[in-house]
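Structure below is work_29.cif: mmCIF, C-alpha atoms.
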```cif
data_upload
loop_
_atom_site.label_atom_id
_atom_site.label_comp_id
_atom_site.auth_asym_id
_atom_site.auth_seq_id
_atom_site.Cartn_x
_atom_site.Cartn_y
_atom_site.Cartn_z
CA MET N 1 -24.81 22.57 36.27
CA THR N 2 -24.69 21.40 32.66
CA ARG N 3 -20.95 21.89 32.55
CA PHE N 4 -20.09 18.56 34.11
CA PRO N 5 -21.87 16.20 31.66
CA LYS N 6 -20.63 18.27 28.71
CA LEU N 7 -17.05 17.99 29.87
CA PHE N 8 -17.39 14.27 30.32
CA LEU N 9 -19.11 13.81 26.97
CA LEU N 10 -16.42 15.74 25.16
CA SER N 11 -13.54 13.85 26.71
CA PHE N 12 -15.44 10.59 26.19
CA VAL N 13 -15.85 11.27 22.46
CA GLY N 14 -12.18 12.23 22.32
CA LEU N 15 -11.23 8.93 23.91
CA LEU N 16 -13.41 6.94 21.54
CA LEU N 17 -11.75 8.64 18.57
CA MET N 18 -8.32 7.93 20.01
CA THR N 19 -8.92 4.26 20.67
CA GLY N 20 -9.97 4.07 17.06
CA CYS N 21 -13.07 3.13 15.22
CA GLU N 22 -11.29 3.58 11.93
CA THR N 23 -12.19 0.89 9.45
CA ILE N 24 -10.96 0.12 5.98
CA PRO N 25 -12.77 2.12 3.24
CA LYS N 26 -15.22 0.05 1.18
CA ASP N 27 -13.48 0.72 -2.13
CA ALA N 28 -9.93 0.00 -0.90
CA LEU N 29 -9.73 -3.39 -2.61
CA THR N 30 -12.22 -3.04 -5.44
CA LEU N 31 -11.47 -2.39 -9.10
CA SER N 32 -12.88 0.89 -10.40
CA ASN N 33 -13.16 2.39 -13.88
CA GLU N 34 -10.07 4.37 -13.03
CA SER N 35 -8.11 1.16 -12.44
CA LEU N 36 -8.15 0.28 -16.13
CA GLN N 37 -7.24 3.83 -17.11
CA GLN N 38 -4.33 3.84 -14.65
CA ARG N 39 -3.15 0.49 -15.98
CA GLN N 40 -2.98 1.91 -19.50
CA ILE N 41 -1.08 5.00 -18.35
CA GLN N 42 1.38 2.96 -16.32
CA THR N 43 2.08 0.17 -18.84
CA ARG N 44 4.07 -0.13 -22.07
CA LYS N 45 4.81 -3.18 -24.20
CA TYR N 46 8.17 -3.91 -25.80
CA GLU N 47 8.59 -6.39 -28.63
CA THR N 48 11.15 -8.77 -27.18
CA THR N 49 11.24 -12.04 -25.29
CA ASP N 50 14.29 -11.09 -23.25
CA GLU N 51 12.75 -10.14 -19.92
CA ALA N 52 16.11 -9.91 -18.13
CA LYS N 53 17.33 -7.32 -20.63
CA ILE N 54 14.28 -5.10 -20.10
CA LEU N 55 14.57 -5.48 -16.34
CA SER N 56 18.22 -4.48 -16.39
CA ALA N 57 17.37 -1.45 -18.56
CA CYS N 58 14.77 -0.51 -15.91
CA ALA N 59 17.36 -0.83 -13.15
CA GLY N 60 19.68 1.41 -15.16
CA LEU N 61 16.93 3.98 -15.62
CA LEU N 62 16.06 3.98 -11.90
CA GLN N 63 19.72 4.75 -11.22
CA ASP N 64 19.59 7.54 -13.81
CA MET N 65 16.71 9.03 -11.83
CA GLY N 66 18.58 8.75 -8.51
CA PHE N 67 16.60 5.87 -7.06
CA ASN N 68 18.26 3.22 -4.91
CA ILE N 69 17.20 -0.37 -5.45
CA ASP N 70 15.65 -1.74 -2.23
CA ASN N 71 14.63 -5.14 -3.44
CA SER N 72 14.42 -7.21 -6.60
CA GLU N 73 13.30 -10.62 -7.82
CA THR N 74 14.37 -11.36 -11.38
CA LYS N 75 12.36 -14.58 -11.52
CA LEU N 76 9.13 -12.60 -11.11
CA GLY N 77 10.24 -9.43 -12.89
CA VAL N 78 10.26 -7.14 -9.87
CA ILE N 79 12.40 -4.12 -8.96
CA VAL N 80 11.54 -2.00 -5.92
CA SER N 81 13.35 1.27 -5.35
CA SER N 82 13.11 4.47 -3.38
CA LYS N 83 14.73 7.85 -2.80
CA LYS N 84 14.49 10.59 -0.21
CA ARG N 85 14.31 14.19 -1.36
CA SER N 86 13.49 17.65 -0.04
CA ALA N 87 9.79 18.57 -0.14
CA VAL N 88 10.30 22.26 0.59
CA ASN N 89 7.88 24.29 -1.47
CA VAL N 90 8.48 28.02 -1.90
CA GLY N 91 4.79 28.92 -2.18
CA GLN N 92 4.01 27.10 1.05
CA GLN N 93 6.93 28.76 2.86
CA VAL N 94 5.75 32.23 1.77
CA THR N 95 2.17 31.49 2.91
CA SER N 96 3.45 30.22 6.24
CA ILE N 97 5.54 33.35 6.88
CA ALA N 98 2.69 35.64 5.77
CA LEU N 99 0.26 33.86 8.12
CA ALA N 100 2.73 34.08 10.99
CA ILE N 101 3.09 37.83 10.51
CA LEU N 102 -0.57 38.63 9.82
CA VAL N 103 -2.46 36.27 12.11
CA GLY N 104 0.31 34.92 14.29
CA THR N 105 -0.50 31.29 13.49
CA ASP N 106 2.22 28.72 13.02
CA MET N 107 1.46 26.84 9.80
CA ARG N 108 3.30 23.60 9.15
CA THR N 109 5.31 23.34 5.96
CA ASP N 110 6.50 20.27 4.09
CA LYS N 111 10.12 19.34 4.64
CA GLU N 112 11.07 16.00 3.14
CA GLN N 113 9.61 13.16 1.13
CA LEU N 114 10.21 9.48 0.49
CA MET N 115 9.42 8.52 -3.08
CA ARG N 116 8.93 4.88 -3.94
CA CYS N 117 8.87 3.25 -7.33
CA CYS N 118 8.27 -0.32 -8.37
CA VAL N 119 8.73 -1.79 -11.82
CA ILE N 120 7.04 -5.06 -12.73
CA THR N 121 7.70 -6.81 -16.03
CA ARG N 122 5.84 -9.74 -17.49
CA PRO N 123 5.62 -11.66 -20.73
CA THR N 124 2.39 -10.97 -22.60
CA GLY N 125 0.80 -11.47 -26.00
CA GLU N 126 -0.48 -14.66 -27.65
CA LYS N 127 2.91 -16.37 -27.75
CA GLY N 128 4.56 -14.28 -25.07
CA GLN N 129 6.31 -12.23 -27.76
CA TYR N 130 6.03 -8.97 -25.78
CA ILE N 131 7.31 -7.85 -22.42
CA ALA N 132 4.90 -5.53 -20.62
CA VAL N 133 6.45 -3.06 -18.19
CA ARG N 134 4.26 -1.50 -15.51
CA VAL N 135 5.64 1.15 -13.20
CA THR N 136 3.95 2.71 -10.16
CA PHE N 137 5.05 5.56 -7.92
CA GLN N 138 3.97 6.67 -4.46
CA ARG N 139 5.27 9.08 -1.85
CA ILE N 140 5.13 10.01 1.82
CA VAL N 141 5.70 13.65 2.77
CA TRP N 142 6.81 14.84 6.21
CA ASN N 143 6.40 18.38 7.55
CA ASP N 144 8.93 20.41 9.55
CA LYS N 145 7.69 18.81 12.80
CA GLY N 146 8.41 15.35 11.45
CA GLN N 147 4.71 14.47 11.10
CA ILE N 148 3.39 12.80 7.97
CA SER N 149 1.48 15.41 5.99
CA ARG N 150 0.71 13.38 2.91
CA LYS N 151 0.54 9.77 1.75
CA GLU N 152 -0.39 9.24 -1.84
CA GLY N 153 -0.03 7.28 -5.02
CA LEU N 154 1.19 9.41 -7.92
CA THR N 155 -1.25 9.31 -10.81
CA ASP N 156 -0.23 12.22 -13.05
CA SER N 157 0.05 10.76 -16.57
CA LYS N 158 2.95 13.13 -17.41
CA ILE N 159 5.21 11.35 -14.92
CA TYR N 160 4.59 8.03 -16.61
CA GLN N 161 4.94 9.45 -20.11
CA GLU N 162 8.36 10.81 -19.18
CA PHE N 163 9.38 7.57 -17.47
CA PHE N 164 8.67 5.50 -20.57
CA ASP N 165 10.38 8.01 -22.87
CA LYS N 166 13.45 7.60 -20.72
CA LEU N 167 13.05 3.82 -20.61
CA SER N 168 13.09 3.62 -24.41
CA LYS N 169 16.35 5.57 -24.32
CA SER N 170 17.75 3.33 -21.61
CA ILE N 171 16.92 0.19 -23.60
CA PHE N 172 18.62 1.72 -26.61
CA LEU N 173 21.70 2.79 -24.63
CA GLU N 174 22.13 -0.65 -23.07
CA ALA N 175 21.76 -2.29 -26.49
CA GLN N 176 24.66 -0.08 -27.61
CA GLU N 177 26.52 -1.00 -24.42
CA LEU N 178 26.90 2.61 -23.29
CA MET Q 1 -13.29 22.97 45.97
CA LYS Q 2 -16.32 21.79 44.05
CA GLU Q 3 -14.54 22.43 40.74
CA SER Q 4 -11.60 20.18 41.56
CA TYR Q 5 -13.99 17.45 42.68
CA ARG Q 6 -15.71 17.57 39.31
CA ASN Q 7 -12.44 17.43 37.44
CA LYS Q 8 -11.37 14.43 39.46
CA THR Q 9 -14.63 12.62 38.71
CA VAL Q 10 -14.21 13.30 34.99
CA LEU Q 11 -10.68 11.94 35.14
CA ILE Q 12 -11.75 8.78 36.95
CA LEU Q 13 -14.67 8.19 34.57
CA ASN Q 14 -12.29 8.53 31.65
CA ILE Q 15 -9.79 6.09 33.10
CA VAL Q 16 -12.59 3.58 33.66
CA THR Q 17 -13.74 4.05 30.05
CA LEU Q 18 -10.20 3.47 28.80
CA LEU Q 19 -9.91 0.29 30.86
CA VAL Q 20 -13.18 -0.99 29.43
CA ILE Q 21 -12.34 -0.15 25.80
CA GLY Q 22 -8.70 -1.13 25.68
CA CYS Q 23 -8.46 -4.25 27.75
CA ALA Q 24 -5.58 -5.69 25.70
CA THR Q 25 -2.10 -4.69 26.79
CA THR Q 26 0.15 -3.49 24.01
CA GLN Q 27 2.23 -6.66 24.22
CA GLN Q 28 -0.76 -8.85 23.47
CA ARG Q 29 -0.87 -7.27 20.00
CA LEU Q 30 2.31 -9.14 19.09
CA LEU Q 31 0.42 -12.37 18.56
CA ASP Q 32 -3.00 -10.78 17.84
CA SER Q 33 -4.67 -13.96 19.04
CA ASP Q 34 -8.08 -12.49 19.82
CA SER Q 35 -9.70 -13.83 16.65
CA SER Q 36 -10.12 -17.50 15.76
CA GLN Q 37 -7.20 -18.86 13.75
CA VAL Q 38 -9.42 -21.17 11.70
CA GLN Q 39 -11.95 -18.48 10.91
CA LEU Q 40 -9.26 -15.99 9.91
CA ARG Q 41 -7.68 -18.50 7.53
CA SER Q 42 -10.95 -19.24 5.83
CA ILE Q 43 -11.61 -15.51 5.33
CA GLN Q 44 -8.13 -14.90 3.95
CA THR Q 45 -7.65 -18.00 1.80
CA ARG Q 46 -8.91 -19.22 -1.58
CA ALA Q 47 -7.92 -22.20 -3.74
CA PHE Q 48 -7.30 -22.01 -7.49
CA ASP Q 49 -7.17 -24.89 -9.99
CA THR Q 50 -3.62 -24.33 -11.20
CA THR Q 51 -0.13 -25.48 -10.25
CA ASP Q 52 1.79 -22.64 -11.89
CA LYS Q 53 3.10 -20.81 -8.84
CA GLU Q 54 5.22 -18.29 -10.75
CA LYS Q 55 2.39 -17.25 -13.05
CA THR Q 56 0.02 -16.98 -10.08
CA LEU Q 57 2.47 -14.71 -8.26
CA ARG Q 58 2.81 -12.54 -11.36
CA THR Q 59 -0.98 -12.31 -11.62
CA VAL Q 60 -1.23 -11.43 -7.93
CA MET Q 61 1.23 -8.57 -8.49
CA ALA Q 62 -0.65 -7.35 -11.57
CA THR Q 63 -3.90 -7.36 -9.58
CA LEU Q 64 -2.29 -5.49 -6.69
CA GLN Q 65 -1.02 -2.88 -9.15
CA ASP Q 66 -4.52 -2.59 -10.60
CA LEU Q 67 -5.79 -1.94 -7.07
CA GLY Q 68 -3.30 0.90 -6.63
CA PHE Q 69 -0.60 -0.88 -4.63
CA VAL Q 70 3.13 -0.43 -5.00
CA ILE Q 71 5.00 -3.71 -4.52
CA ASP Q 72 7.43 -3.71 -1.56
CA GLN Q 73 9.01 -7.07 -2.13
CA ALA Q 74 8.54 -10.41 -3.81
CA ASP Q 75 10.10 -13.85 -3.36
CA ALA Q 76 9.50 -16.56 -5.95
CA ALA Q 77 10.97 -19.41 -3.87
CA LEU Q 78 8.96 -18.63 -0.77
CA GLY Q 79 5.95 -17.57 -2.85
CA THR Q 80 5.24 -14.24 -1.18
CA VAL Q 81 4.47 -10.73 -2.33
CA SER Q 82 4.07 -7.69 -0.07
CA ALA Q 83 2.66 -4.37 -1.21
CA THR Q 84 1.55 -0.99 0.14
CA LYS Q 85 -1.24 1.32 -0.96
CA LEU Q 86 -1.08 4.99 0.05
CA ASN Q 87 -4.24 6.98 -0.47
CA ARG Q 88 -4.44 9.29 2.56
CA TYR Q 89 -4.57 5.99 4.50
CA ASP Q 90 -1.95 3.26 4.33
CA LEU Q 91 -2.92 -0.28 3.58
CA ARG Q 92 -0.33 -3.05 3.62
CA ILE Q 93 -0.94 -6.49 2.24
CA THR Q 94 1.03 -9.75 2.06
CA VAL Q 95 -0.04 -12.48 -0.32
CA THR Q 96 1.34 -16.01 -0.14
CA VAL Q 97 0.97 -18.77 -2.69
CA ARG Q 98 1.54 -22.41 -1.83
CA PRO Q 99 0.60 -25.78 -3.31
CA ARG Q 100 -2.48 -27.65 -2.12
CA GLY Q 101 -2.40 -31.28 -3.16
CA GLU Q 102 -1.41 -32.10 -6.73
CA THR Q 103 -3.74 -29.85 -8.68
CA GLN Q 104 -4.34 -26.69 -6.70
CA LEU Q 105 -2.69 -23.61 -5.27
CA LEU Q 106 -3.72 -21.87 -2.09
CA VAL Q 107 -3.60 -18.08 -2.16
CA ARG Q 108 -3.72 -16.31 1.16
CA ALA Q 109 -3.83 -12.58 1.75
CA ASN Q 110 -3.51 -10.68 4.99
CA ALA Q 111 -3.86 -6.94 5.25
CA GLN Q 112 -3.40 -4.20 7.77
CA TYR Q 113 -5.12 -0.85 7.59
CA GLY Q 114 -3.16 1.83 9.39
CA LEU Q 115 -2.35 0.22 12.74
CA LYS Q 116 -5.03 -2.44 12.65
CA PRO Q 117 -5.29 -5.91 11.12
CA VAL Q 118 -8.11 -6.29 8.62
CA THR Q 119 -10.39 -9.06 9.90
CA ASP Q 120 -13.58 -8.10 8.08
CA PRO Q 121 -14.35 -10.69 5.31
CA GLN Q 122 -15.56 -8.15 2.73
CA PRO Q 123 -12.21 -6.56 1.74
CA TYR Q 124 -10.73 -10.05 1.20
CA GLN Q 125 -13.79 -11.00 -0.84
CA ASP Q 126 -13.17 -7.90 -2.99
CA PHE Q 127 -9.51 -8.79 -3.42
CA PHE Q 128 -10.20 -12.36 -4.51
CA SER Q 129 -12.93 -11.31 -6.89
CA ALA Q 130 -10.44 -8.95 -8.58
CA LEU Q 131 -7.80 -11.71 -8.58
CA GLN Q 132 -10.03 -14.38 -10.08
CA LYS Q 133 -10.85 -12.09 -13.00
CA ALA Q 134 -7.15 -11.69 -13.74
CA MET Q 135 -6.47 -15.42 -13.24
CA PHE Q 136 -9.38 -16.50 -15.48
CA LEU Q 137 -10.04 -19.08 -12.75
CA THR Q 138 -12.56 -19.29 -9.94
CA ALA Q 139 -11.47 -18.52 -6.41
CA GLN Q 140 -12.77 -21.43 -4.35
CA GLN Q 141 -13.65 -21.11 -0.70
CA VAL Q 142 -11.62 -23.47 1.47
CA ASP Q 143 -13.04 -24.98 4.65
#
```

Go ahead and render the structure in this file as structure tokens.
Amino acid sequence: MTRFPKLFLLSFVGLLLMTGCETIPKDALTLSNESLQQRQIQTRKYETTDEAKILSACAGLLQDMGFNIDNSETKLGVIVSSKKRSAVNVGQQVTSIALAILVGTDMRTDKEQLMRCCVITRPTGEKGQYIAVRVTFQRIVWNDKGQISRKEGLTDSKIYQEFFDKLSKSIFLEAQEL
Amino acid sequence: MKESYRNKTVLILNIVTLLVIGCATTQQRLLDSDSSQVQLRSIQTRAFDTTDKEKTLRTVMATLQDLGFVIDQADAALGTVSATKLNRYDLRITVTVRPRGETQLLVRANAQYGLKPVTDPQPYQDFFSALQKAMFLTAQQVD
């Protein structure tokens, strides 16, 4: 007898979830302690007033790293770029095969990813004698069924360290007109 | 016989529930006109005592980066910036800057969280409080 209300309740809850009660997380638009830390990791200052030169060095570097420029606005110091790459991970593939053999389950594995990068430059310092460069990365990963398995901002400080090492080189190379 | 009757009832109850919850057709979402235009504007807009549009746009972008967004595109002439934040969810925001009278700029932000527009005042309040710190100017409520 109790089967009927249970069935209805279950499908009702399912429906409610589907029609969506998802709301924006409280901290989505608030500054945290991490924000300042991230800003420091993602920013470098260069002693020059030539913003266009720095921006063009950034564009060159993005090309070095295989990014395609999607959008830019020199007047505001903006370059937006992206690239698509494979997201196949050997460890994940091995786990998936092992699970399929042992338990017979079909685990999804990552297949491809879209990586986005934006570079923003702006004059800073008392007399605007520096150009600050801030770069941010994010990516979307799809699995072998074409579903999104991951959406994230990339926060590993090593990525940014390497980016700015390369940017210094790029600025030098363009100064030498190479 | 009884079983199939039950299943049918469950199905009908569910369809009724769906009709009650989702009364908007999918086409109506094009214009999203269920909330008041005036109210939405006042939630999404603040005025700042400056006329430097370019600097304001740069500050908006810096604030968005602080909040974990990656800029999608920017247009100095039109005065718009769009950005996306990915953090398990996706949050997209467009900020426009336009003059208001001789001494002020109006900054308006509109956001969408996943598939839904953000109409709750609090997230916008959070955004403008972060922006006014970076602008060194007070975000003034506009009526």

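Nearest-residue note for chain Q: choosing from N:Asp70, N:Glu126, N:Asp144, N:Glu152, the minimum distance belongs to N:Glu152, counting all atoms listed in the file.
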
_Would you compute the distance between CA of Thr23 (chain N) and CA of Arg108 (chain N)? Give it in Å to one decimal._
27.5 Å

_Could you list, as a ChimeraX atom specification, every residue within 8 Å of Ile54 (chain N), counting all atoms listed in the file and ignoring same-chain residues fewer than 4 positions away?_
/N:50,58,121,131,171

*May I ask which of the residues N:Ala98, N:Ala87, N:Ala132, N:Leu173 is the closest one to Thr48 (chain N), counting only C-alpha atoms?*
N:Ala132

*Taking the file as shown, what set of residues would the PyMOL selection byres ((chain N and resi 122) around 8) give back, as a VMD selection string?*
(chain N and resid 51 76 to 77 120 to 121 123 to 124 131 to 133) or (chain Q and resid 58)

Could those residues be written to a file, using C-alpha atoms, as a short mmCIF file (atom, residue, chain, number, x, y, z; two decimals), in the frame of the given file?
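Listed below is the output, again28.cif:
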```cif
data_model
loop_
_atom_site.label_atom_id
_atom_site.label_comp_id
_atom_site.auth_asym_id
_atom_site.auth_seq_id
_atom_site.Cartn_x
_atom_site.Cartn_y
_atom_site.Cartn_z
CA GLU N 51 12.75 -10.14 -19.92
CA LEU N 76 9.13 -12.60 -11.11
CA GLY N 77 10.24 -9.43 -12.89
CA ILE N 120 7.04 -5.06 -12.73
CA THR N 121 7.70 -6.81 -16.03
CA PRO N 123 5.62 -11.66 -20.73
CA THR N 124 2.39 -10.97 -22.60
CA ILE N 131 7.31 -7.85 -22.42
CA ALA N 132 4.90 -5.53 -20.62
CA VAL N 133 6.45 -3.06 -18.19
CA ARG Q 58 2.81 -12.54 -11.36
#
```

*How many Å lie between CA of Asn87 (chain Q) and CA of Phe163 (chain N), rounded to one decimal?*
21.8 Å

*Taking all atoms listed in the file into account, which of N:Leu29, N:Ile24, N:Leu154, N:Val88 comes nearest Ala130 (chain Q)?*
N:Leu29

*chain Q residues within 6 Å of chain N, counting only C-alpha atoms: which ones, as a PyMOL selection string?*
chain Q and resi 10+66+86-88+123+126-127

_Given only C-alpha atoms as the basis, pick out the residue of Q:Leu137, Q:Leu30, Q:Val81, Q:Ile71 nearest to Asn110 (chain Q)._
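Of all the options, Q:Val81 lies closest to Asn110 (chain Q).
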
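Separating CA of Val141 (chain N) from CA of Asp110 (chain N) is a distance of 6.8 Å.
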
*Smallest atom-to-atom distance to Val107 (chain Q): which of Q:Ala76, Q:Val95, Q:Val70, Q:Val16, using all atoms listed in the file?*
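Of Q:Ala76, Q:Val95, Q:Val70, Q:Val16, the one nearest Val107 (chain Q), counting all atoms listed in the file, is Q:Val95.
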
_So that I can see what lies close to Arg46 (chain Q), please list as a list in words the residues with an atom at most 6 Å from it, counting only C-alpha atoms and leaving out residues fewer than 4 positions away in the same chain._
Leu106, Val107, Ala139, Gln140, Gln141 and Val142 of chain Q

*Applied to the shown file, which residues does the PyMOL selection byres ((chain N and resi 170) around 12) return, written as a list in words?*
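Residues picked by the PyMOL selection byres ((chain N and resi 170) around 12): Lys53, Ile54, Leu55, Ser56, Ala57, Cys58, Ala59, Gly60, Leu61, Leu62, Gln63, Asp64, Met65, Phe163, Phe164, Asp165, Lys166, Leu167, Ser168, Lys169, Ile171, Phe172, Leu173, Glu174, Ala175, Gln176, Glu177 and Leu178 of chain N.
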
*Which polymer residues have any atom within 8 Å of an atom of Val60 (chain Q), counting all atoms listed in the file, with same-chain residues fewer than 4 positions away left out, as a list in words?*
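My list of contacting residues is Thr56, Leu64, Val95 and Leu131 of chain Q.
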
_9 Å contact set for Gly146 (chain N), only C-alpha atoms, chain neighbours under 4 positions out, as JSON, numbers by chain_ = {"N": [111, 112, 142]}

*For Ala111 (chain Q), which of Q:Ser4, Q:Thr50, Q:Gln44, Q:Gln125 is the closest residue, counting all atoms listed in the file?*
Q:Gln44

To box region 86-89 of chain Q, take all atoms listed in the file, fit an axis-aligned box, add 3 Å on each side, and give centre and edge lengths in Å to one decimal, as AutoDock Vina command-line options.
```
--center_x -2.8 --center_y 7.1 --center_z 2.0 --size_x 9.5 --size_y 10.3 --size_z 11.0
```
